[in-house]
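Asker: model.txt is reproduced in full below (compact mmCIF, C-alpha atoms and all ligand atoms).
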# COMPACT_ATOMS: atom_id res chain seq x y z
CA MET A 148 -188.49 186.26 162.96
CA LYS A 149 -185.62 184.07 161.75
CA ARG A 150 -184.35 184.59 158.21
CA VAL A 151 -183.04 181.78 156.01
CA ILE A 152 -181.38 182.89 152.80
CA VAL A 153 -180.48 180.54 149.97
CA LEU A 154 -178.02 181.92 147.43
CA GLY A 155 -178.67 180.55 143.93
CA GLY A 156 -181.78 179.20 142.24
CA GLY A 157 -180.20 176.20 140.53
CA ILE A 158 -181.04 172.58 141.28
CA GLY A 159 -179.31 172.77 144.67
CA GLY A 160 -180.79 176.06 145.87
CA THR A 161 -184.30 175.33 144.60
CA THR A 162 -184.42 171.87 146.18
CA VAL A 163 -183.03 172.92 149.54
CA ALA A 164 -185.29 175.99 149.80
CA ASN A 165 -188.40 173.88 149.18
CA ARG A 166 -187.23 171.22 151.63
CA ILE A 167 -186.49 173.73 154.38
CA ARG A 168 -189.97 175.17 153.83
CA LYS A 169 -191.50 171.73 154.15
CA GLY A 170 -189.49 170.93 157.29
CA LEU A 171 -190.49 174.25 158.89
CA GLU A 172 -194.03 174.41 157.53
CA ALA A 173 -195.62 175.48 160.84
CA GLU A 174 -192.97 178.12 161.56
CA VAL A 175 -193.13 179.55 158.04
CA GLY A 176 -196.94 179.57 158.19
CA ALA A 177 -196.86 181.40 161.54
CA GLY A 178 -194.45 184.03 160.19
CA GLN A 179 -191.66 182.94 162.55
CA VAL A 180 -189.36 181.94 159.68
CA GLN A 181 -188.86 183.69 156.35
CA ILE A 182 -187.13 181.93 153.44
CA GLN A 183 -185.59 183.89 150.58
CA VAL A 184 -183.86 182.62 147.43
CA VAL A 185 -181.53 185.07 145.71
CA ASP A 186 -180.79 184.48 142.03
CA GLN A 187 -179.46 186.83 139.39
CA GLU A 188 -181.60 185.56 136.54
CA GLY A 189 -184.70 184.33 138.29
CA ILE A 190 -184.63 181.72 135.53
CA HIS A 191 -183.86 178.12 136.43
CA ALA A 192 -181.49 176.48 133.96
CA TYR A 193 -181.84 172.71 133.64
CA GLN A 194 -178.24 171.97 132.67
CA PRO A 195 -178.59 168.20 132.02
CA GLY A 196 -180.84 169.29 129.15
CA TYR A 197 -177.86 170.80 127.30
CA LEU A 198 -176.70 167.31 126.36
CA MET A 199 -180.19 166.57 125.04
CA VAL A 200 -180.07 169.77 122.97
CA VAL A 201 -176.87 168.53 121.26
CA PHE A 202 -178.69 165.46 119.98
CA ASP A 203 -181.96 167.25 119.24
CA LYS A 204 -183.83 165.41 121.99
CA MET A 205 -184.82 168.67 123.69
CA ARG A 206 -185.42 172.18 122.40
CA PRO A 207 -183.20 174.94 123.88
CA GLU A 208 -186.20 176.75 125.40
CA GLU A 209 -187.21 173.56 127.25
CA THR A 210 -184.08 173.86 129.44
CA LYS A 211 -185.38 177.05 131.11
CA ARG A 212 -188.15 177.77 133.58
CA ASP A 213 -189.19 180.72 135.64
CA GLU A 214 -187.65 180.07 139.06
CA SER A 215 -190.74 181.33 140.88
CA SER A 216 -192.78 178.48 139.36
CA LEU A 217 -190.45 175.97 141.07
CA LEU A 218 -190.52 177.50 144.56
CA HIS A 219 -193.32 177.16 147.11
CA ARG A 220 -195.41 180.34 147.10
CA SER A 221 -194.30 181.19 150.65
CA ILE A 222 -190.65 181.44 149.54
CA GLN A 223 -189.59 184.90 148.42
CA LEU A 224 -187.52 185.06 145.23
CA VAL A 225 -185.10 187.99 145.13
CA ARG A 226 -183.91 188.62 141.57
CA ALA A 227 -180.53 190.28 142.11
CA GLU A 228 -176.82 189.76 141.60
CA ILE A 229 -175.04 188.76 144.79
CA GLU A 230 -171.78 190.58 145.31
CA ARG A 231 -170.54 188.89 148.47
CA VAL A 232 -171.39 187.50 151.87
CA ASP A 233 -170.34 189.47 154.92
CA ALA A 234 -170.11 186.48 157.25
CA ALA A 235 -168.96 188.53 160.25
CA ALA A 236 -172.10 190.70 160.02
CA ASN A 237 -174.48 187.89 158.87
CA LYS A 238 -175.43 189.83 155.74
CA VAL A 239 -175.59 189.20 152.01
CA VAL A 240 -174.46 192.21 149.99
CA LEU A 241 -176.17 192.64 146.62
CA LYS A 242 -174.79 194.50 143.62
CA GLY A 243 -175.77 198.12 144.12
CA GLY A 244 -175.19 197.90 147.85
CA LYS A 245 -178.49 196.55 149.20
CA GLU A 246 -177.99 194.20 152.16
CA LEU A 247 -180.02 191.19 153.23
CA PRO A 248 -179.56 190.05 156.85
CA TYR A 249 -179.73 186.32 157.61
CA ASP A 250 -179.75 183.95 160.55
CA VAL A 251 -178.92 180.91 158.44
CA LEU A 252 -177.32 181.02 155.00
CA VAL A 253 -177.09 178.35 152.31
CA VAL A 254 -174.58 178.98 149.53
CA ALA A 255 -175.69 177.23 146.33
CA THR A 256 -174.19 179.47 143.67
CA GLY A 257 -172.88 176.56 141.62
CA SER A 258 -169.67 176.39 139.65
CA VAL A 259 -168.44 178.42 136.71
CA ILE A 260 -166.78 177.14 133.55
CA HIS A 261 -163.45 178.67 132.54
CA PRO A 262 -162.57 177.52 129.00
CA GLU A 263 -160.01 180.34 128.73
CA ALA A 264 -157.89 178.58 131.38
CA VAL A 265 -156.69 176.09 128.73
CA PRO A 266 -154.75 177.57 125.80
CA GLY A 267 -156.62 177.01 122.53
CA PHE A 268 -159.85 175.78 124.14
CA THR A 269 -162.08 178.67 123.06
CA GLU A 270 -160.87 178.55 119.45
CA GLY A 271 -160.38 174.81 119.04
CA ALA A 272 -162.89 172.90 121.17
CA HIS A 273 -166.61 172.32 121.13
CA SER A 274 -168.36 171.84 124.44
CA PHE A 275 -171.88 171.39 125.78
CA TYR A 276 -171.57 172.87 129.27
CA ASP A 277 -173.63 175.96 128.42
CA LEU A 278 -176.61 176.35 126.14
CA ALA A 279 -174.93 178.45 123.43
CA ASN A 280 -172.09 175.97 123.00
CA ALA A 281 -174.46 172.99 123.07
CA GLN A 282 -176.30 174.54 120.12
CA LYS A 283 -173.01 175.09 118.24
CA LEU A 284 -172.01 171.48 118.85
CA ARG A 285 -175.40 170.31 117.59
CA ALA A 286 -174.78 172.16 114.31
CA ALA A 287 -171.23 170.76 114.06
CA ILE A 288 -172.25 167.12 114.46
CA GLN A 289 -175.17 167.55 112.08
CA GLN A 290 -172.69 168.68 109.41
CA PHE A 291 -170.07 166.05 110.28
CA THR A 292 -169.46 163.63 107.44
CA GLY A 293 -166.58 161.59 108.85
CA GLY A 294 -163.15 161.85 110.45
CA LYS A 295 -161.76 161.68 113.94
CA ILE A 296 -163.79 162.88 116.95
CA LEU A 297 -162.01 163.25 120.27
CA ILE A 298 -163.80 163.59 123.62
CA ALA A 299 -161.53 164.93 126.37
CA VAL A 300 -161.67 166.45 129.86
CA ALA A 301 -159.77 169.73 130.15
CA GLY A 302 -159.80 170.11 133.92
CA MET A 303 -160.75 168.37 137.15
CA PRO A 304 -163.02 168.61 139.07
CA TYR A 305 -165.96 169.10 136.73
CA LYS A 306 -169.72 168.77 137.28
CA CYS A 307 -171.58 165.68 136.13
CA PRO A 308 -168.71 163.18 136.08
CA VAL A 309 -170.58 160.85 133.70
CA ALA A 310 -171.16 163.54 131.04
CA PRO A 311 -168.07 162.56 128.95
CA LEU A 312 -169.29 158.94 128.88
CA GLU A 313 -172.84 160.03 128.07
CA VAL A 314 -171.79 162.24 125.17
CA THR A 315 -169.50 159.51 123.82
CA PHE A 316 -172.18 156.82 123.67
CA MET A 317 -174.89 159.21 122.48
CA LEU A 318 -172.55 160.34 119.72
CA ASP A 319 -171.78 156.76 118.72
CA ASP A 320 -175.51 156.06 118.51
CA TYR A 321 -176.24 159.29 116.63
CA LEU A 322 -173.52 158.68 114.03
CA ARG A 323 -174.74 155.11 113.47
CA THR A 324 -178.27 156.40 112.90
CA ARG A 325 -176.95 158.97 110.42
CA GLY A 326 -174.93 156.29 108.62
CA VAL A 327 -171.53 157.95 109.14
CA ARG A 328 -170.19 155.89 112.04
CA ASP A 329 -168.12 153.68 109.70
CA LYS A 330 -166.39 156.84 108.41
CA THR A 331 -165.70 158.10 111.95
CA GLU A 332 -163.12 157.24 114.60
CA ILE A 333 -164.25 158.04 118.16
CA HIS A 334 -161.50 158.62 120.73
CA TYR A 335 -162.17 159.02 124.46
CA ALA A 336 -159.44 160.60 126.60
CA TYR A 337 -159.76 160.63 130.39
CA PRO A 338 -157.49 162.08 133.11
CA ILE A 339 -157.24 158.98 135.33
CA PRO A 340 -156.06 155.43 134.51
CA LYS A 341 -159.64 154.16 133.88
CA VAL A 342 -162.61 155.41 131.86
CA PHE A 343 -164.51 156.53 135.00
CA GLY A 344 -163.71 156.99 138.69
CA ILE A 345 -166.04 154.27 140.01
CA ASP A 346 -164.98 150.72 139.12
CA THR A 347 -168.51 149.30 138.85
CA VAL A 348 -169.19 151.88 136.14
CA ALA A 349 -165.73 151.94 134.56
CA GLN A 350 -165.55 148.20 133.86
CA PRO A 351 -168.80 147.78 131.88
CA MET A 352 -168.19 151.11 130.11
CA GLN A 353 -164.72 149.99 129.04
CA ARG A 354 -166.22 146.74 127.71
CA LEU A 355 -168.94 148.63 125.80
CA MET A 356 -166.33 150.96 124.34
CA SER A 357 -164.39 147.98 122.97
CA GLU A 358 -167.58 146.52 121.50
CA ARG A 359 -168.43 149.86 119.85
CA ASP A 360 -164.95 150.48 118.51
CA ILE A 361 -164.28 153.52 120.71
CA SER A 362 -160.55 154.06 121.36
CA THR A 363 -159.43 155.13 124.83
CA HIS A 364 -156.50 157.27 125.97
CA LEU A 365 -156.21 156.96 129.74
CA LEU A 366 -154.24 159.17 132.12
CA PHE A 367 -154.55 161.97 129.59
CA ASN A 368 -154.70 165.44 131.17
CA VAL A 369 -155.16 168.24 128.67
CA ASP A 370 -152.30 170.72 128.62
CA ARG A 371 -153.10 172.75 125.48
CA ILE A 372 -155.13 172.66 122.30
CA ASP A 373 -153.74 173.62 118.91
CA PRO A 374 -156.81 174.88 117.02
CA VAL A 375 -154.91 175.25 113.72
CA GLY A 376 -152.95 171.99 113.72
CA LYS A 377 -156.00 170.30 115.34
CA THR A 378 -154.20 168.45 118.09
CA VAL A 379 -154.53 168.18 121.86
CA LYS A 380 -151.33 167.90 123.85
CA GLY A 381 -151.53 166.07 127.16
CA VAL A 382 -149.52 166.89 130.27
CA GLU A 383 -148.21 163.31 130.22
CA GLY A 384 -146.64 163.80 126.77
CA GLU A 385 -149.15 162.21 124.36
CA THR A 386 -150.56 164.34 121.53
CA ILE A 387 -153.88 163.35 119.96
CA PRO A 388 -155.01 164.70 116.56
CA PHE A 389 -158.70 165.41 115.88
CA ASP A 390 -161.10 166.68 113.24
CA LEU A 391 -163.73 167.58 115.85
CA LEU A 392 -162.95 168.02 119.52
CA ILE A 393 -165.57 167.85 122.28
CA ALA A 394 -164.02 168.92 125.57
CA ILE A 395 -165.22 169.47 129.13
CA PRO A 396 -164.04 172.95 130.20
CA PRO A 397 -162.22 173.62 133.49
CA HIS A 398 -164.48 174.60 136.41
CA ARG A 399 -164.10 176.90 139.41
CA GLY A 400 -166.38 177.70 142.31
CA SER A 401 -168.44 180.88 141.98
CA ASP A 402 -167.00 184.37 142.26
CA VAL A 403 -169.33 185.04 145.21
CA VAL A 404 -167.37 182.47 147.21
CA GLY A 405 -164.08 184.15 146.32
CA ALA A 406 -165.35 187.65 147.10
CA SER A 407 -166.67 186.44 150.47
CA GLY A 408 -163.44 184.76 151.56
CA LEU A 409 -165.27 181.47 152.07
CA GLY A 410 -163.30 179.24 149.71
CA ASP A 411 -159.87 178.08 148.60
CA LYS A 412 -157.97 179.44 145.60
CA GLY A 413 -160.32 177.63 143.20
CA ASN A 414 -163.34 179.11 145.05
CA TRP A 415 -164.30 175.64 146.33
CA VAL A 416 -165.69 175.71 149.87
CA PRO A 417 -164.31 173.35 152.54
CA THR A 418 -167.33 171.71 154.14
CA ASP A 419 -168.35 168.96 156.53
CA ARG A 420 -169.51 166.23 154.15
CA PHE A 421 -172.21 165.01 156.55
CA THR A 422 -173.76 168.32 157.65
CA LEU A 423 -172.70 170.50 154.68
CA LYS A 424 -171.74 173.18 157.18
CA VAL A 425 -168.94 175.45 155.99
CA GLU A 426 -165.82 174.74 158.02
CA GLY A 427 -165.45 177.29 160.80
CA LYS A 428 -168.93 178.84 160.30
CA GLU A 429 -171.83 177.97 162.57
CA ASN A 430 -174.69 179.28 160.41
CA ILE A 431 -173.46 178.88 156.80
CA TYR A 432 -174.00 175.78 154.69
CA VAL A 433 -172.88 175.05 151.15
CA LEU A 434 -174.10 172.58 148.56
CA GLY A 435 -174.35 172.02 144.84
C1 LIG A 501 -174.25 169.07 130.24
C2 LIG A 501 -174.54 168.75 131.67
C3 LIG A 501 -175.17 167.57 131.98
C4 LIG A 501 -175.46 167.27 133.30
N1 LIG A 501 -176.10 166.09 133.57
C5 LIG A 501 -176.40 165.79 134.85
C6 LIG A 501 -177.11 164.60 135.18
O1 LIG A 501 -177.48 163.82 134.30
N2 LIG A 501 -177.37 164.35 136.50
C7 LIG A 501 -176.97 165.21 137.49
O2 LIG A 501 -177.22 164.94 138.67
N3 LIG A 501 -176.30 166.34 137.20
C8 LIG A 501 -176.02 166.65 135.92
N4 LIG A 501 -175.35 167.81 135.63
C9 LIG A 501 -174.85 168.63 136.75
C10 LIG A 501 -175.92 169.52 137.33
O3 LIG A 501 -176.55 170.29 136.33
C11 LIG A 501 -175.23 170.43 138.35
O4 LIG A 501 -174.57 169.63 139.29
C12 LIG A 501 -176.24 171.30 139.03
O5 LIG A 501 -176.81 172.20 138.12
C13 LIG A 501 -175.58 172.06 140.16
O6 LIG A 501 -176.59 172.73 140.83
P1 LIG A 501 -176.29 174.00 141.69
O7 LIG A 501 -177.60 174.43 142.25
O8 LIG A 501 -175.16 173.74 142.60
O9 LIG A 501 -175.72 175.09 140.67
P2 LIG A 501 -176.40 175.73 139.41
O10 LIG A 501 -177.46 174.84 138.87
O11 LIG A 501 -175.29 176.12 138.51
O12 LIG A 501 -177.13 177.02 139.98
C14 LIG A 501 -176.42 178.10 140.52
C15 LIG A 501 -177.35 179.30 140.52
O13 LIG A 501 -176.71 180.35 141.21
C16 LIG A 501 -176.92 181.55 140.51
N5 LIG A 501 -175.82 182.46 140.81
C17 LIG A 501 -174.49 182.23 140.71
N6 LIG A 501 -173.79 183.33 141.03
C18 LIG A 501 -174.70 184.28 141.35
C19 LIG A 501 -174.59 185.64 141.76
N7 LIG A 501 -173.42 186.26 141.90
N8 LIG A 501 -175.73 186.33 142.00
C20 LIG A 501 -176.95 185.74 141.86
N9 LIG A 501 -177.11 184.46 141.48
C21 LIG A 501 -176.00 183.73 141.22
C22 LIG A 501 -176.94 181.14 139.04
O14 LIG A 501 -177.63 182.09 138.25
C23 LIG A 501 -177.66 179.80 139.11
O15 LIG A 501 -179.05 179.96 138.95
C24 LIG A 501 -175.09 168.17 134.33
C25 LIG A 501 -174.46 169.38 134.01
C26 LIG A 501 -174.20 169.68 132.69
C27 LIG A 501 -173.55 170.99 132.36
Can you give me the file's structure in the form of structure tokens?
Answerer:
Amino acid sequence: MKRVIVLGGGIGGTTVANRIRKGLEAEVGAGQVQIQVVDQEGIHAYQPGYLMVVFDKMRPEETKRDESSLLHRSIQLVRAEIERVDAAANKVVLKGGKELPYDVLVVATGSVIHPEAVPGFTEGAHSFYDLANAQKLRAAIQQFTGGKILIAVAGMPYKCPVAPLEVTFMLDDYLRTRGVRDKTEIHYAYPIPKVFGIDTVAQPMQRLMSERDISTHLLFNVDRIDPVGKTVKGVEGETIPFDLLIAIPPHRGSDVVGASGLGDKGNWVPTDRFTLKVEGKENIYVLG
């Protein structure tokens, strides 16, 4: 029997496990192929929902589902923390020492946010990249009565590139509905010389920002946040004051990647963009 192991039960791992099952339906049915998904929580977190939680368009509990309800019944869910991959021995090592042998491995352990990597972030910035902080931001904007709101990106790369644009326009809309937009300045700071990386998106977004009186600060890479003085200093020299700061935290690849020696110093995995095969490994793929 051949064993396929998928590490991580997020959007990437769940989708690929179900698709492999579908593609190998006969082999799985005949017991020639076994598919396992390993996830520490066994709970699927729908992260795009965090933005909806901020604006009360989704309840926090609606962002979670039991992972087993999303996987085909023939796929085995292993609820365990992955410690590392032993690529030389074709084994996944779980916390506690248990080992799972594989023939083909898919790494889909996602990325991890590291707010502590930017001085002042934890004390001075709101964010919506995890559920707890999305709920705190929801409370903060509900109490907001006017002032200067700054949206900034505190590290590249980050997941969901459009999220800063989404939160900016949703905020503009929300404040108008609450009747406090005319007492609020919205400032959008972005690390590159345009409001988004893709021109066909950046151009209409820039136009909409002008129409909605949203100020932009381009080529602004966050260096540090002063939570007391309420300013953000950019690497390029500009300093922007704020009353409420919404920032995208820095990201890294998962610790599993680092512990397995599969990635670079940021735990990002070099991969063939067409096959998603990990460079130098014949039977390991990575996605997310
Ligand atoms: C606010 C927000 C809005 C977004 N909006 C959109 C959107 O509109 N459209 C879009 O396409 N994307 C959006 N995204 C991005 C999207 O959510 C991510 O790209 C996606 O979740 C990545 O999927 P993944 O499977 O790679 O990782 P994840 O979904 O992060 O899943 C990784 C899984 O691996 C597990 N894991 C990690 N380490 C271990 C370990 N050591 N042991 C066991 N299990 C482990 C985790 O528990 C988790 O279940 C958004 C993200 C955020 C935060």
Asker: Counting only C-alpha atoms and all ligand atoms, name the residues that have an atom within 8 Å of an atom of ligand LIG 501 (chain A); the answer should be given as a PyMOL selection string.
Answerer: chain A and resi 154-161+185-198+226-231+241+255-259+275-277+306-307+309-310+401-403+434-435
Asker: Could you save the residues just selected, with C-alpha atoms, as an mmCIF file, in the frame of the given file?
Answerer:
data_model
loop_
_atom_site.group_PDB
_atom_site.id
_atom_site.type_symbol
_atom_site.label_atom_id
_atom_site.label_comp_id
_atom_site.auth_asym_id
_atom_site.auth_seq_id
_atom_site.Cartn_x
_atom_site.Cartn_y
_atom_site.Cartn_z
ATOM 1 C CA LEU A 154 -178.020 181.920 147.430
ATOM 2 C CA GLY A 155 -178.670 180.550 143.930
ATOM 3 C CA GLY A 156 -181.780 179.200 142.240
ATOM 4 C CA GLY A 157 -180.200 176.200 140.530
ATOM 5 C CA ILE A 158 -181.040 172.580 141.280
ATOM 6 C CA GLY A 159 -179.310 172.770 144.670
ATOM 7 C CA GLY A 160 -180.790 176.060 145.870
ATOM 8 C CA THR A 161 -184.300 175.330 144.600
ATOM 9 C CA VAL A 185 -181.530 185.070 145.710
ATOM 10 C CA ASP A 186 -180.790 184.480 142.030
ATOM 11 C CA GLN A 187 -179.460 186.830 139.390
ATOM 12 C CA GLU A 188 -181.600 185.560 136.540
ATOM 13 C CA GLY A 189 -184.700 184.330 138.290
ATOM 14 C CA ILE A 190 -184.630 181.720 135.530
ATOM 15 C CA HIS A 191 -183.860 178.120 136.430
ATOM 16 C CA ALA A 192 -181.490 176.480 133.960
ATOM 17 C CA TYR A 193 -181.840 172.710 133.640
ATOM 18 C CA GLN A 194 -178.240 171.970 132.670
ATOM 19 C CA PRO A 195 -178.590 168.200 132.020
ATOM 20 C CA GLY A 196 -180.840 169.290 129.150
ATOM 21 C CA TYR A 197 -177.860 170.800 127.300
ATOM 22 C CA LEU A 198 -176.700 167.310 126.360
ATOM 23 C CA ARG A 226 -183.910 188.620 141.570
ATOM 24 C CA ALA A 227 -180.530 190.280 142.110
ATOM 25 C CA GLU A 228 -176.820 189.760 141.600
ATOM 26 C CA ILE A 229 -175.040 188.760 144.790
ATOM 27 C CA GLU A 230 -171.780 190.580 145.310
ATOM 28 C CA ARG A 231 -170.540 188.890 148.470
ATOM 29 C CA LEU A 241 -176.170 192.640 146.620
ATOM 30 C CA ALA A 255 -175.690 177.230 146.330
ATOM 31 C CA THR A 256 -174.190 179.470 143.670
ATOM 32 C CA GLY A 257 -172.880 176.560 141.620
ATOM 33 C CA SER A 258 -169.670 176.390 139.650
ATOM 34 C CA VAL A 259 -168.440 178.420 136.710
ATOM 35 C CA PHE A 275 -171.880 171.390 125.780
ATOM 36 C CA TYR A 276 -171.570 172.870 129.270
ATOM 37 C CA ASP A 277 -173.630 175.960 128.420
ATOM 38 C CA LYS A 306 -169.720 168.770 137.280
ATOM 39 C CA CYS A 307 -171.580 165.680 136.130
ATOM 40 C CA VAL A 309 -170.580 160.850 133.700
ATOM 41 C CA ALA A 310 -171.160 163.540 131.040
ATOM 42 C CA SER A 401 -168.440 180.880 141.980
ATOM 43 C CA ASP A 402 -167.000 184.370 142.260
ATOM 44 C CA VAL A 403 -169.330 185.040 145.210
ATOM 45 C CA LEU A 434 -174.100 172.580 148.560
ATOM 46 C CA GLY A 435 -174.350 172.020 144.840
#
Asker: Env of Arg325 of chain A: 10 Å cut, atoms = all atoms listed in the file, seq-sep filter 5 positions within chain, self excluded. Answer as a PyMOL selection string.
Answerer: chain A and resi 289+291-292+320
Asker: Pick the closest to Thr386 of chain A from A:Phe343, A:Met199, A:Val180, A:Ala336: which is it, counting all atoms listed in the file?
Answerer: A:Ala336
Asker: One decimal, in Å: what's the spacing between atom CA of Ala177 of chain A and atom CA of Arg150 of chain A?
Answerer: 13.3 Å
Asker: Tell me, as a short mmCIF file (atom, residue, chain, number, x, y, z; two decimals) with C-alpha atoms, in the frame of the given file, which residues lie within 9 Å of Lys341 of chain A, counting all atoms listed in the file; anything in the same chain fewer than 4 positions away does not count.
Answerer:
data_model
loop_
_atom_site.label_atom_id
_atom_site.label_comp_id
_atom_site.auth_asym_id
_atom_site.auth_seq_id
_atom_site.Cartn_x
_atom_site.Cartn_y
_atom_site.Cartn_z
CA TYR A 337 -159.76 160.63 130.39
CA ILE A 345 -166.04 154.27 140.01
CA ASP A 346 -164.98 150.72 139.12
CA ALA A 349 -165.73 151.94 134.56
CA GLN A 350 -165.55 148.20 133.86
CA GLN A 353 -164.72 149.99 129.04
CA LEU A 365 -156.21 156.96 129.74
CA LEU A 366 -154.24 159.17 132.12
#
Asker: Given the choices A:Lys377, A:Lys428, A:Lys412, A:Arg420, which gets closest to Ala272 of chain A if the distance is worked out from all atoms listed in the file?
Answerer: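 Looking only at the distances to Ala272 of chain A, the closest residue turns out to be A:Lys377.
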Asker: Go through A:Asn368, A:Ser362, A:Thr422, A:Asn237 one by one, measure the shortest atom-to-atom distance of each to Thr331 of chain A using all atoms listed in the file, and give the residue with the smallest value.
Answerer: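 Going through A:Asn368, A:Ser362, A:Thr422, A:Asn237 one by one, the smallest distance to Thr331 of chain A is for A:Ser362.
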Asker: Which one of A:Gly178, A:Gly427, A:Gly170, A:Pro388 sits closest to Ile296 of chain A if you count all atoms listed in the file?
Answerer: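 Distance minimum relative to Ile296 of chain A lands on A:Pro388.
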Asker: What is the atom CA of Pro340 of chain A-atom CA of Phe367 of chain A distance in Å, reported with one decimal?
Answerer: 8.3 Å
Asker: Take atom CA of Thr418 of chain A and atom CA of Asp370 of chain A and report the distance between them in Å, one decimal.
Answerer: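 Calculated distance between atom CA of Thr418 of chain A and atom CA of Asp370 of chain A is 29.6 Å.
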Asker: For each of A:Gln223, A:Ile182, A:Met317, A:Tyr335, take the minimum atom-to-atom distance to Ser357 of chain A, counting all atoms listed in the file, then give the residue where this is smallest.
Answerer: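 Looking only at the distances to Ser357 of chain A, the closest residue turns out to be A:Tyr335.
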Asker: Using all atoms listed in the file, which residue out of A:Thr315, A:Thr347, A:Asn430, A:Ser216 lies closest to Val254 of chain A?
Answerer: A:Asn430
Asker: Might you pull out every residue within 9 Å of Pro304 of chain A, with all atoms listed in the file counted and same-chain residues fewer than 3 positions away left off, and present them as JSON, numbers by chain?
Answerer: {"A": [308, 397, 398, 399]}
Asker: Box for segment 261-272 of chain A - axis-aligned, 6 Å on each of the six sides, all listed atoms - centre and size in Å to one decimal, as AutoDock Vina command-line options.
Answerer:
--center_x -159.1 --center_y 176.6 --center_z 125.8 --size_x 20.7 --size_y 19.4 --size_z 25.5
Asker: Would you give me, as a Markdown table, each residue of segment 278-363 of chain A having an atom within 12 Å of an atom of segment 203-210 of chain A, along with its shortest atom pair and that distance in Å to one decimal, using all atoms listed in the file and sorting by chain and residue number?
Answerer:
| residue | atom | partner | partner_atom | distance |
| --- | --- | --- | --- | --- |
| A:Leu278 | CA | A:Pro207 | CA | 7.1 |
| A:Ala279 | CA | A:Pro207 | CA | 9.0 |
| A:Asn280 | CA | A:Pro207 | CA | 11.2 |
| A:Ala281 | CA | A:Pro207 | CA | 9.0 |
| A:Gln282 | CA | A:Pro207 | CA | 7.9 |
| A:Lys283 | CA | A:Pro207 | CA | 11.6 |
| A:Leu284 | CA | A:Asp203 | CA | 10.8 |
| A:Arg285 | CA | A:Asp203 | CA | 7.4 |
| A:Ala286 | CA | A:Asp203 | CA | 10.0 |
| A:Ile288 | CA | A:Asp203 | CA | 10.8 |
| A:Gln289 | CA | A:Asp203 | CA | 9.9 |
| A:Met317 | CA | A:Lys204 | CA | 10.9 |
| A:Leu318 | CA | A:Asp203 | CA | 11.7 |
| A:Tyr321 | CA | A:Asp203 | CA | 10.1 |
Asker: Pull the neighbourhood of (-179.4, 182.4, 153.0) for me: all residues within 7 Å in file coordinates, counting only C-alpha atoms, as a PyMOL selection string.
Answerer: chain A and resi 151-154+183+249+251-254
